[in-house]
Amino acid sequence: MKISVEPKLLADTVAWAASVLPNQAGHPILSGIHFEAADGSDAVTISATDNDVSVRATIACNEVAEPGRALLPGRVLNEAVKTLPGRRYVSIAAGERETTFQCGRAEFSLPIMAVKDFPALPEPATTVGSVGAKELAEAVAQVAPATAHHSSTPMYVVVRLAFEGEILTCVGTDSYRIATSRTTWTPARPGPVTAAHAAAVSLRDLLRGFADGEAAIGLNESLLSLTGDGRTATIRLIAIEQYINYQGGMSITFPSWAEADRADLLEAAKRVALFTSKDEAVYLTLTDDAIHIGGGTGQIGKGSDVIDCRFDGDEAMTLKFQPQFLADAISAVHTDRVRIGVLAPHRPCLLASTDEQYRYLCMPLRADS
């Protein structure tokens with residue numbers, strides 16, 4: 001294989017492929033990134049997989065002098081192509097034992113891996129509709145923080161994709177909180193579409209590689225696929241027999257609401273959290289015209305701040321939050337202002353965007369916890 005491609009395009013594509021490489025060295029062949037330039041083509045397809053997630057991207061070449069395939073060590077390749085100088089193209093030549101990259105006067109080579117052992121990637125599933133790629137990526141990124149980082153319960157490590165008419169709702173939960181984010185999609189045909197559950201972190205990361213524009217959604221019993229702008233990703237689905245009834249929590253009527261500037265509240269919450277340990281809480285006291293934020297017992301330090309707000313409750317109310325849960329909720333709000341719906345200090349509360357597209361339901365900590 002001998003090709004030449006634009007360096008930045010190569011670096012961006014390799015970085016996306018490298019994002020799915022397995023962290024553990026159980027299957028060395030999966031640590032490779034695969035290149036294939038077909039005979040008669042003016043493009044190269046770059047792919048990678050960890051057996052649960054696969055990605056492939058086809059990019060234009062300046063030249064395909066010789067078609068062929070190569071499998072290269074993924075992580076070092078990713079770091080190396082990031083450093084290529086800003087020239088018009090980089091030449092890539094695969095030999096029997098190594099592949100050489102030359103860009104201007106810069107040159108490096110990488111050993112060849114056994115390309116014949118690289119597994120065949122799954123084909124995209126049957127298309128069920130299309131969605132704005134960036135809109136889906138944002139929705140998944142909003143709810144993924146509400147899932148558990150490590151849990152033996154599958155429901156708590158997935159993002160649920162629920163298809164209802166022309167609304168696609170992404171849901172994430174770790175049992176202590178539930179986050180939902182809605183976007184629109186275009187079904188390929190009338191009729192219900194089965195909800196899908198995919199590993200939250202993996203789905204979030206692979207969606208970052210899609211550009212603006214529409215992506216086709218493919219779905220079957222075991223696979224979710226996304227295809228758009230020369231890129232295709234597949235992710236193995238996780239079987240969930242019965243998902244949590246999130247609609248019930250999200251339909252709670254909150255009699256009192258506070259509204260504040262999102263950036264100001266997030267900045268204050270993060271600052272106060274610096275003075276709390278993992279076992280301590282951040283306090284939010286809602287009053288008619290301000291949110292008083294405080295935290296820390298003095299062992300590390302203490303912090304406080306006051307943020308302007310509008311609150312329509314009959315009396316001041318103090319809520320107690322796990323610091324990271326609060327930061328996750330506010331960070332995911334995409335509107336300039338954030339709304340907080342409350343019932344009572346020890347009852348569920350809702351943080352939401354002003355357009356209600358994003359909603360985050362959590363249980364404040366009890367005063368004696």
# chains A, B, ... in the order shown; residues from 1 in each chain; ligands from 1
$ closest_atom_pairs --of "region 140-235 of chain A" --to "region 52-56 of chain A" --cutoff "9 Å" --atoms "only C-alpha atoms" --output "JSON lines"
{"residue": "A:Ser202", "atom": "CA", "partner": "A:Val53", "partner_atom": "CA", "distance": 7.4}
{"residue": "A:Leu203", "atom": "CA", "partner": "A:Val53", "partner_atom": "CA", "distance": 8.6}
{"residue": "A:Leu206", "atom": "CA", "partner": "A:Val55", "partner_atom": "CA", "distance": 7.7}
{"residue": "A:Gly230", "atom": "CA", "partner": "A:Arg56", "partner_atom": "CA", "distance": 8.4}
{"residue": "A:Arg231", "atom": "CA", "partner": "A:Arg56", "partner_atom": "CA", "distance": 5.8}
{"residue": "A:Thr232", "atom": "CA", "partner": "A:Arg56", "partner_atom": "CA", "distance": 5.4}
{"residue": "A:Ala233", "atom": "CA", "partner": "A:Val55", "partner_atom": "CA", "distance": 4.4}
{"residue": "A:Thr234", "atom": "CA", "partner": "A:Ser54", "partner_atom": "CA", "distance": 5.2}
{"residue": "A:Ile235", "atom": "CA", "partner": "A:Val53", "partner_atom": "CA", "distance": 4.4}
$ select_by_dssp --residues "region 117-362 of chain A" --states "alpha helix (DSSP H)" --output "VMD selection string"
chain A and resid 133 to 143 200 to 207 246 to 250 262 to 273 323 to 332
$ write_last_selection --atoms "N, CA and C atoms" --output "CSV table (one decimal), in the first residue's frame"
chain,number,residue,atom,x,y,z
A,133,ALA,N,-26.6,14.3,13.6
A,133,ALA,CA,-25.5,13.6,14.4
A,133,ALA,C,-25.1,14.4,15.6
A,134,LYS,N,-24.9,15.7,15.4
A,134,LYS,CA,-24.5,16.6,16.5
A,134,LYS,C,-25.5,16.7,17.6
A,135,GLU,N,-26.8,16.7,17.2
A,135,GLU,CA,-27.9,16.7,18.1
A,135,GLU,C,-27.9,15.5,19.0
A,136,LEU,N,-27.8,14.3,18.3
A,136,LEU,CA,-27.7,13.1,19.1
A,136,LEU,C,-26.5,13.0,20.0
A,137,ALA,N,-25.4,13.5,19.5
A,137,ALA,CA,-24.2,13.5,20.3
A,137,ALA,C,-24.3,14.3,21.6
A,138,GLU,N,-25.0,15.5,21.4
A,138,GLU,CA,-25.2,16.3,22.6
A,138,GLU,C,-26.2,15.7,23.5
A,139,ALA,N,-27.2,15.1,23.0
A,139,ALA,CA,-28.2,14.4,23.9
A,139,ALA,C,-27.6,13.3,24.7
A,140,VAL,N,-26.8,12.5,24.1
A,140,VAL,CA,-26.1,11.4,24.8
A,140,VAL,C,-25.1,11.9,25.8
A,141,ALA,N,-24.4,13.0,25.4
A,141,ALA,CA,-23.4,13.6,26.3
A,141,ALA,C,-24.1,14.2,27.6
A,142,GLN,N,-25.3,14.7,27.4
A,142,GLN,CA,-26.0,15.2,28.5
A,142,GLN,C,-26.4,14.2,29.6
A,143,VAL,N,-26.8,13.0,29.1
A,143,VAL,CA,-27.3,12.0,30.1
A,143,VAL,C,-26.3,11.0,30.5
A,200,ALA,N,-22.9,3.6,27.9
A,200,ALA,CA,-22.9,5.1,27.9
A,200,ALA,C,-21.7,5.7,27.4
A,201,VAL,N,-20.5,5.3,28.0
A,201,VAL,CA,-19.3,6.0,27.7
A,201,VAL,C,-18.9,5.7,26.3
A,202,SER,N,-19.0,4.4,25.8
A,202,SER,CA,-18.7,4.1,24.5
A,202,SER,C,-19.5,4.8,23.4
A,203,LEU,N,-20.8,4.9,23.7
A,203,LEU,CA,-21.7,5.6,22.8
A,203,LEU,C,-21.4,7.1,22.7
A,204,ARG,N,-21.1,7.7,23.9
A,204,ARG,CA,-20.8,9.1,23.9
A,204,ARG,C,-19.5,9.3,23.1
A,205,ASP,N,-18.5,8.5,23.3
A,205,ASP,CA,-17.2,8.7,22.7
A,205,ASP,C,-17.2,8.6,21.1
A,206,LEU,N,-17.9,7.5,20.7
A,206,LEU,CA,-18.0,7.3,19.2
A,206,LEU,C,-18.8,8.4,18.5
A,207,LEU,N,-19.8,9.0,19.2
A,207,LEU,CA,-20.6,10.0,18.6
A,207,LEU,C,-19.8,11.3,18.4
A,246,TYR,N,-38.8,5.8,34.2
A,246,TYR,CA,-38.4,7.2,34.3
A,246,TYR,C,-39.5,8.2,34.0
A,247,GLN,N,-40.5,7.7,33.2
A,247,GLN,CA,-41.6,8.7,32.9
A,247,GLN,C,-42.3,9.1,34.1
A,248,GLY,N,-42.5,8.2,35.1
A,248,GLY,CA,-43.2,8.6,36.3
A,248,GLY,C,-42.5,9.7,37.1
A,249,GLY,N,-41.2,9.6,37.2
A,249,GLY,CA,-40.5,10.6,37.9
A,249,GLY,C,-40.5,11.9,37.2
A,250,MET,N,-40.4,11.8,35.9
A,250,MET,CA,-40.3,13.1,35.0
A,250,MET,C,-41.7,13.8,34.9
A,262,ARG,N,-27.1,29.9,34.3
A,262,ARG,CA,-26.4,28.6,34.4
A,262,ARG,C,-24.9,28.8,34.7
A,263,ALA,N,-24.2,29.7,34.0
A,263,ALA,CA,-22.8,29.8,34.1
A,263,ALA,C,-22.4,30.2,35.5
A,264,ASP,N,-23.2,31.2,36.1
A,264,ASP,CA,-22.9,31.7,37.4
A,264,ASP,C,-23.1,30.6,38.5
A,265,LEU,N,-24.2,29.8,38.3
A,265,LEU,CA,-24.5,28.8,39.3
A,265,LEU,C,-23.4,27.7,39.2
A,266,LEU,N,-23.0,27.3,38.0
A,266,LEU,CA,-22.0,26.2,37.8
A,266,LEU,C,-20.7,26.7,38.4
A,267,GLU,N,-20.3,27.9,38.2
A,267,GLU,CA,-19.0,28.4,38.7
A,267,GLU,C,-19.0,28.4,40.2
A,268,ALA,N,-20.1,28.9,40.8
A,268,ALA,CA,-20.2,28.9,42.2
A,268,ALA,C,-20.2,27.5,42.8
A,269,ALA,N,-21.0,26.6,42.2
A,269,ALA,CA,-21.0,25.2,42.8
A,269,ALA,C,-19.7,24.5,42.7
A,270,LYS,N,-18.9,24.7,41.6
A,270,LYS,CA,-17.6,24.1,41.5
A,270,LYS,C,-16.6,24.7,42.5
A,271,ARG,N,-16.7,26.0,42.7
A,271,ARG,CA,-15.8,26.6,43.7
A,271,ARG,C,-16.1,26.2,45.1
A,272,VAL,N,-17.3,26.1,45.5
A,272,VAL,CA,-17.7,25.7,46.8
A,272,VAL,C,-17.3,24.2,47.0
A,273,ALA,N,-17.4,23.4,46.0
A,273,ALA,CA,-17.1,22.0,46.1
A,273,ALA,C,-15.7,21.7,46.4
A,323,PRO,N,-21.8,16.9,45.7
A,323,PRO,CA,-21.2,18.0,44.8
A,323,PRO,C,-21.1,17.6,43.4
A,324,GLN,N,-20.7,16.3,43.1
A,324,GLN,CA,-20.5,15.9,41.7
A,324,GLN,C,-21.8,15.8,41.0
A,325,PHE,N,-22.8,15.3,41.7
A,325,PHE,CA,-24.2,15.2,41.1
A,325,PHE,C,-24.7,16.6,40.7
A,326,LEU,N,-24.5,17.6,41.5
A,326,LEU,CA,-25.0,18.9,41.2
A,326,LEU,C,-24.2,19.5,40.0
A,327,ALA,N,-22.9,19.3,40.0
A,327,ALA,CA,-22.1,19.8,38.9
A,327,ALA,C,-22.5,19.1,37.6
A,328,ASP,N,-22.7,17.8,37.6
A,328,ASP,CA,-23.1,17.1,36.4
A,328,ASP,C,-24.4,17.6,35.8
A,329,ALA,N,-25.4,17.9,36.7
A,329,ALA,CA,-26.7,18.4,36.3
A,329,ALA,C,-26.6,19.8,35.6
A,330,ILE,N,-25.9,20.7,36.3
A,330,ILE,CA,-25.8,22.1,35.7
A,330,ILE,C,-24.9,22.1,34.5
A,331,SER,N,-23.9,21.3,34.4
A,331,SER,CA,-23.0,21.3,33.3
A,331,SER,C,-23.7,20.8,32.0
A,332,ALA,N,-24.7,19.9,32.2
A,332,ALA,CA,-25.4,19.4,31.0
A,332,ALA,C,-26.5,20.3,30.4
$ select_by_dssp --residues "region 177-213 of chain A" --states "strand (DSSP E)" --output "mmCIF file with N, CA and C atoms, in the first residue's frame"
data_model
loop_
_atom_site.group_PDB
_atom_site.id
_atom_site.type_symbol
_atom_site.label_atom_id
_atom_site.label_comp_id
_atom_site.auth_asym_id
_atom_site.auth_seq_id
_atom_site.Cartn_x
_atom_site.Cartn_y
_atom_site.Cartn_z
ATOM 1 N N ARG A 177 -30.177 9.059 40.413
ATOM 2 C CA ARG A 177 -30.596 10.192 39.581
ATOM 3 C C ARG A 177 -30.990 9.668 38.205
ATOM 4 N N ILE A 178 -31.798 10.433 37.518
ATOM 5 C CA ILE A 178 -32.228 10.094 36.162
ATOM 6 C C ILE A 178 -32.107 11.350 35.309
ATOM 7 N N ALA A 179 -31.500 11.216 34.147
ATOM 8 C CA ALA A 179 -31.396 12.336 33.216
ATOM 9 C C ALA A 179 -32.029 11.943 31.894
ATOM 10 N N THR A 180 -32.768 12.873 31.298
ATOM 11 C CA THR A 180 -33.343 12.646 29.977
ATOM 12 C C THR A 180 -33.024 13.835 29.078
ATOM 13 N N SER A 181 -32.849 13.550 27.810
ATOM 14 C CA SER A 181 -32.624 14.605 26.820
ATOM 15 C C SER A 181 -33.333 14.201 25.537
ATOM 16 N N ARG A 182 -34.094 15.118 24.982
ATOM 17 C CA ARG A 182 -34.897 14.813 23.800
ATOM 18 C C ARG A 182 -34.354 15.525 22.569
ATOM 19 N N THR A 183 -34.432 14.850 21.443
ATOM 20 C CA THR A 183 -34.133 15.453 20.157
ATOM 21 C C THR A 183 -35.100 14.870 19.136
ATOM 22 N N THR A 184 -35.139 15.454 17.964
ATOM 23 C CA THR A 184 -36.017 14.933 16.919
ATOM 24 C C THR A 184 -35.254 13.969 16.022
ATOM 25 N N TRP A 185 -35.977 13.054 15.411
ATOM 26 C CA TRP A 185 -35.397 12.152 14.432
ATOM 27 C C TRP A 185 -36.449 11.890 13.358
ATOM 28 N N THR A 186 -36.036 11.300 12.246
ATOM 29 C CA THR A 186 -36.945 11.018 11.139
ATOM 30 C C THR A 186 -37.039 9.515 10.943
ATOM 31 N N PRO A 187 -38.164 8.891 11.328
ATOM 32 C CA PRO A 187 -38.306 7.442 11.126
ATOM 33 C C PRO A 187 -38.297 7.096 9.639
ATOM 34 N N VAL A 193 -40.601 1.519 17.056
ATOM 35 C CA VAL A 193 -39.201 1.103 16.987
ATOM 36 C C VAL A 193 -38.771 0.714 18.395
ATOM 37 N N THR A 194 -38.205 -0.461 18.545
ATOM 38 C CA THR A 194 -37.797 -0.962 19.854
ATOM 39 C C THR A 194 -36.695 -0.091 20.446
ATOM 40 N N ALA A 195 -36.814 0.219 21.727
ATOM 41 C CA ALA A 195 -35.780 0.994 22.409
ATOM 42 C C ALA A 195 -34.465 0.221 22.417
ATOM 43 N N ALA A 196 -33.366 0.956 22.397
ATOM 44 C CA ALA A 196 -32.033 0.348 22.375
ATOM 45 C C ALA A 196 -31.246 0.806 23.591
ATOM 46 N N HIS A 197 -30.360 -0.065 24.081
ATOM 47 C CA HIS A 197 -29.518 0.248 25.237
ATOM 48 C C HIS A 197 -28.066 -0.027 24.878
ATOM 49 N N ALA A 198 -27.226 1.002 24.988
ATOM 50 C CA ALA A 198 -25.810 0.869 24.645
ATOM 51 C C ALA A 198 -24.957 1.449 25.761
ATOM 52 N N ALA A 199 -23.748 0.908 25.911
ATOM 53 C CA ALA A 199 -22.836 1.377 26.953
ATOM 54 C C ALA A 199 -22.650 2.885 26.842
#
$ residues_around --residues "region 305-308 of chain A" --least-positions-apart "6" --cutoff "7 Å" --atoms "only C-alpha atoms" --output "list in words"
Ala260, Asp264, Leu265, Ala268, Asp289, Ala290, Ile291, His292, Ile293 and Gly294 of chain A
$ residues_around --residues "Lys116 (chain A)" --least-positions-apart "4" --cutoff "10 Å" --atoms "only C-alpha atoms" --output "PyMOL selection string"
chain A and resi 29+69-71+120
$ residues_around --residues "region 344-350 of chain A" --least-positions-apart "2" --cutoff "8 Å" --atoms "only C-alpha atoms" --output "ChimeraX atom specification"
/A:317-320,339-342,352,359-367
$ residues_around --residues "region 208-224 of chain A" --least-positions-apart "3" --cutoff "6 Å" --atoms "only C-alpha atoms" --output "list of chain:residue names"
A:Trp16, A:Ala125, A:Thr126, A:Thr127, A:Val128, A:Gly129, A:Ser130, A:Val131, A:Gly132, A:Ala133, A:Lys134, A:Asp205, A:Thr227, A:Gly228, A:Thr234, A:Ile235, A:Arg236, A:Leu237
$ write_last_selection --atoms "C-alpha atoms" --output "tab-separated table (two decimals), in the first residue's frame"
chain	number	residue	atom	x	y	z
A	16	TRP	CA	-11.48	8.73	16.21
A	125	ALA	CA	-27.89	-2.79	10.84
A	126	THR	CA	-31.11	-2.18	8.92
A	127	THR	CA	-31.84	1.55	8.76
A	128	VAL	CA	-34.77	2.61	10.94
A	129	GLY	CA	-34.40	6.38	10.48
A	130	SER	CA	-32.04	9.33	10.60
A	131	VAL	CA	-31.03	11.95	13.13
A	132	GLY	CA	-28.86	15.04	13.33
A	133	ALA	CA	-25.49	13.61	14.35
A	134	LYS	CA	-24.46	16.56	16.50
A	205	ASP	CA	-17.17	8.73	22.66
A	227	THR	CA	-23.59	6.13	9.33
A	228	GLY	CA	-22.90	9.60	8.00
A	234	THR	CA	-21.47	0.06	15.32
A	235	ILE	CA	-21.98	-0.71	18.99
A	236	ARG	CA	-23.19	-3.93	20.55
A	237	LEU	CA	-26.48	-3.54	22.42
$ closest_residue --among "A:Gly303, A:Gly165, A:Gly295, A:Gly68" --to "Asp39 (chain A)" --atoms "only C-alpha atoms"
A:Gly68
$ closest_residue --among "A:Ala114, A:Leu226, A:Leu351, A:Ala144" --to "Glu96 (chain A)" --atoms "only C-alpha atoms"
A:Ala114
$ residues_around --residues "Val115 (chain A)" --least-positions-apart "2" --cutoff "10 Å" --atoms "only C-alpha atoms" --output "list in words"
Ile29, Gly32, Ile33, His34, Phe35, Arg69, Ala70, Leu71, Leu72, Ile112, Met113, Asp117, Phe118 and Pro119 of chain A
$ write_last_selection --atoms "C-alpha atoms" --output "PDB file, in the first residue's frame"
ATOM      1  CA  ILE A  29      -4.551  -7.628  17.450  1.00  0.00           C
ATOM      2  CA  GLY A  32      -4.165  -2.076  15.824  1.00  0.00           C
ATOM      3  CA  ILE A  33      -5.682   0.464  13.437  1.00  0.00           C
ATOM      4  CA  HIS A  34      -6.458  -0.961  10.010  1.00  0.00           C
ATOM      5  CA  PHE A  35      -5.814   0.824   6.691  1.00  0.00           C
ATOM      6  CA  ARG A  69      -3.864  -3.127   3.517  1.00  0.00           C
ATOM      7  CA  ALA A  70      -1.857  -2.443   6.657  1.00  0.00           C
ATOM      8  CA  LEU A  71      -2.430  -2.914  10.386  1.00  0.00           C
ATOM      9  CA  LEU A  72      -0.465  -0.540  12.608  1.00  0.00           C
ATOM     10  CA  ILE A 112       3.535  -3.995  10.632  1.00  0.00           C
ATOM     11  CA  MET A 113       1.018  -6.091  12.583  1.00  0.00           C
ATOM     12  CA  ASP A 117      -5.733 -11.569  11.904  1.00  0.00           C
ATOM     13  CA  PHE A 118      -7.724  -8.334  12.063  1.00  0.00           C
ATOM     14  CA  PRO A 119     -11.402  -9.289  12.494  1.00  0.00           C
TER      15      PRO A 119
END
$ atom_distance --atom1 "CA of Tyr156 (chain A)" --atom2 "CA of Thr354 (chain A)"
26.7 Å
$ atom_distance --atom1 "CA of Glu63 (chain A)" --atom2 "CA of Lys2 (chain A)"
8.3 Å
$ atom_distance --atom1 "CA of Thr13 (chain A)" --atom2 "CA of Ala37 (chain A)"
14.8 Å
$ decode --residues "region 254-297 of chain A" --atoms "C-alpha atoms" --output "PDB file, in the first residue's frame"
ATOM      1  CA  PHE A 254     -43.304  20.752  41.006  1.00  0.00           C
ATOM      2  CA  PRO A 255     -45.170  23.593  42.759  1.00  0.00           C
ATOM      3  CA  SER A 256     -42.120  25.823  43.140  1.00  0.00           C
ATOM      4  CA  TRP A 257     -39.407  26.792  40.679  1.00  0.00           C
ATOM      5  CA  ALA A 258     -36.166  28.727  40.858  1.00  0.00           C
ATOM      6  CA  GLU A 259     -34.366  30.075  37.803  1.00  0.00           C
ATOM      7  CA  ALA A 260     -30.769  31.336  37.665  1.00  0.00           C
ATOM      8  CA  ASP A 261     -27.907  32.010  35.284  1.00  0.00           C
ATOM      9  CA  ARG A 262     -26.393  28.649  34.382  1.00  0.00           C
ATOM     10  CA  ALA A 263     -22.756  29.774  34.119  1.00  0.00           C
ATOM     11  CA  ASP A 264     -22.877  31.688  37.418  1.00  0.00           C
ATOM     12  CA  LEU A 265     -24.455  28.777  39.281  1.00  0.00           C
ATOM     13  CA  LEU A 266     -22.017  26.235  37.850  1.00  0.00           C
ATOM     14  CA  GLU A 267     -18.995  28.392  38.672  1.00  0.00           C
ATOM     15  CA  ALA A 268     -20.176  28.913  42.248  1.00  0.00           C
ATOM     16  CA  ALA A 269     -21.040  25.229  42.756  1.00  0.00           C
ATOM     17  CA  LYS A 270     -17.625  24.098  41.517  1.00  0.00           C
ATOM     18  CA  ARG A 271     -15.822  26.648  43.680  1.00  0.00           C
ATOM     19  CA  VAL A 272     -17.682  25.667  46.842  1.00  0.00           C
ATOM     20  CA  ALA A 273     -17.133  21.975  46.063  1.00  0.00           C
ATOM     21  CA  LEU A 274     -13.377  22.527  46.382  1.00  0.00           C
ATOM     22  CA  PHE A 275     -13.878  22.788  50.141  1.00  0.00           C
ATOM     23  CA  THR A 276     -15.891  19.592  50.531  1.00  0.00           C
ATOM     24  CA  SER A 277     -14.693  16.031  50.842  1.00  0.00           C
ATOM     25  CA  LYS A 278     -16.365  13.185  48.974  1.00  0.00           C
ATOM     26  CA  ASP A 279     -18.580  12.569  52.019  1.00  0.00           C
ATOM     27  CA  GLU A 280     -19.713  16.181  52.402  1.00  0.00           C
ATOM     28  CA  ALA A 281     -22.475  18.083  50.646  1.00  0.00           C
ATOM     29  CA  VAL A 282     -23.027  21.382  48.902  1.00  0.00           C
ATOM     30  CA  TYR A 283     -26.013  23.353  50.200  1.00  0.00           C
ATOM     31  CA  LEU A 284     -28.353  25.433  48.042  1.00  0.00           C
ATOM     32  CA  THR A 285     -30.740  27.749  49.885  1.00  0.00           C
ATOM     33  CA  LEU A 286     -33.410  29.159  47.589  1.00  0.00           C
ATOM     34  CA  THR A 287     -34.862  32.564  48.500  1.00  0.00           C
ATOM     35  CA  ASP A 288     -37.032  35.059  46.622  1.00  0.00           C
ATOM     36  CA  ASP A 289     -34.151  36.680  44.752  1.00  0.00           C
ATOM     37  CA  ALA A 290     -31.007  34.641  45.436  1.00  0.00           C
ATOM     38  CA  ILE A 291     -29.495  31.185  45.728  1.00  0.00           C
ATOM     39  CA  HIS A 292     -27.107  30.918  48.672  1.00  0.00           C
ATOM     40  CA  ILE A 293     -24.497  28.221  48.052  1.00  0.00           C
ATOM     41  CA  GLY A 294     -22.280  26.823  50.783  1.00  0.00           C
ATOM     42  CA  GLY A 295     -20.111  23.864  51.651  1.00  0.00           C
ATOM     43  CA  GLY A 296     -17.274  22.600  53.794  1.00  0.00           C
ATOM     44  CA  THR A 297     -16.988  21.847  57.497  1.00  0.00           C
TER      45      THR A 297
END
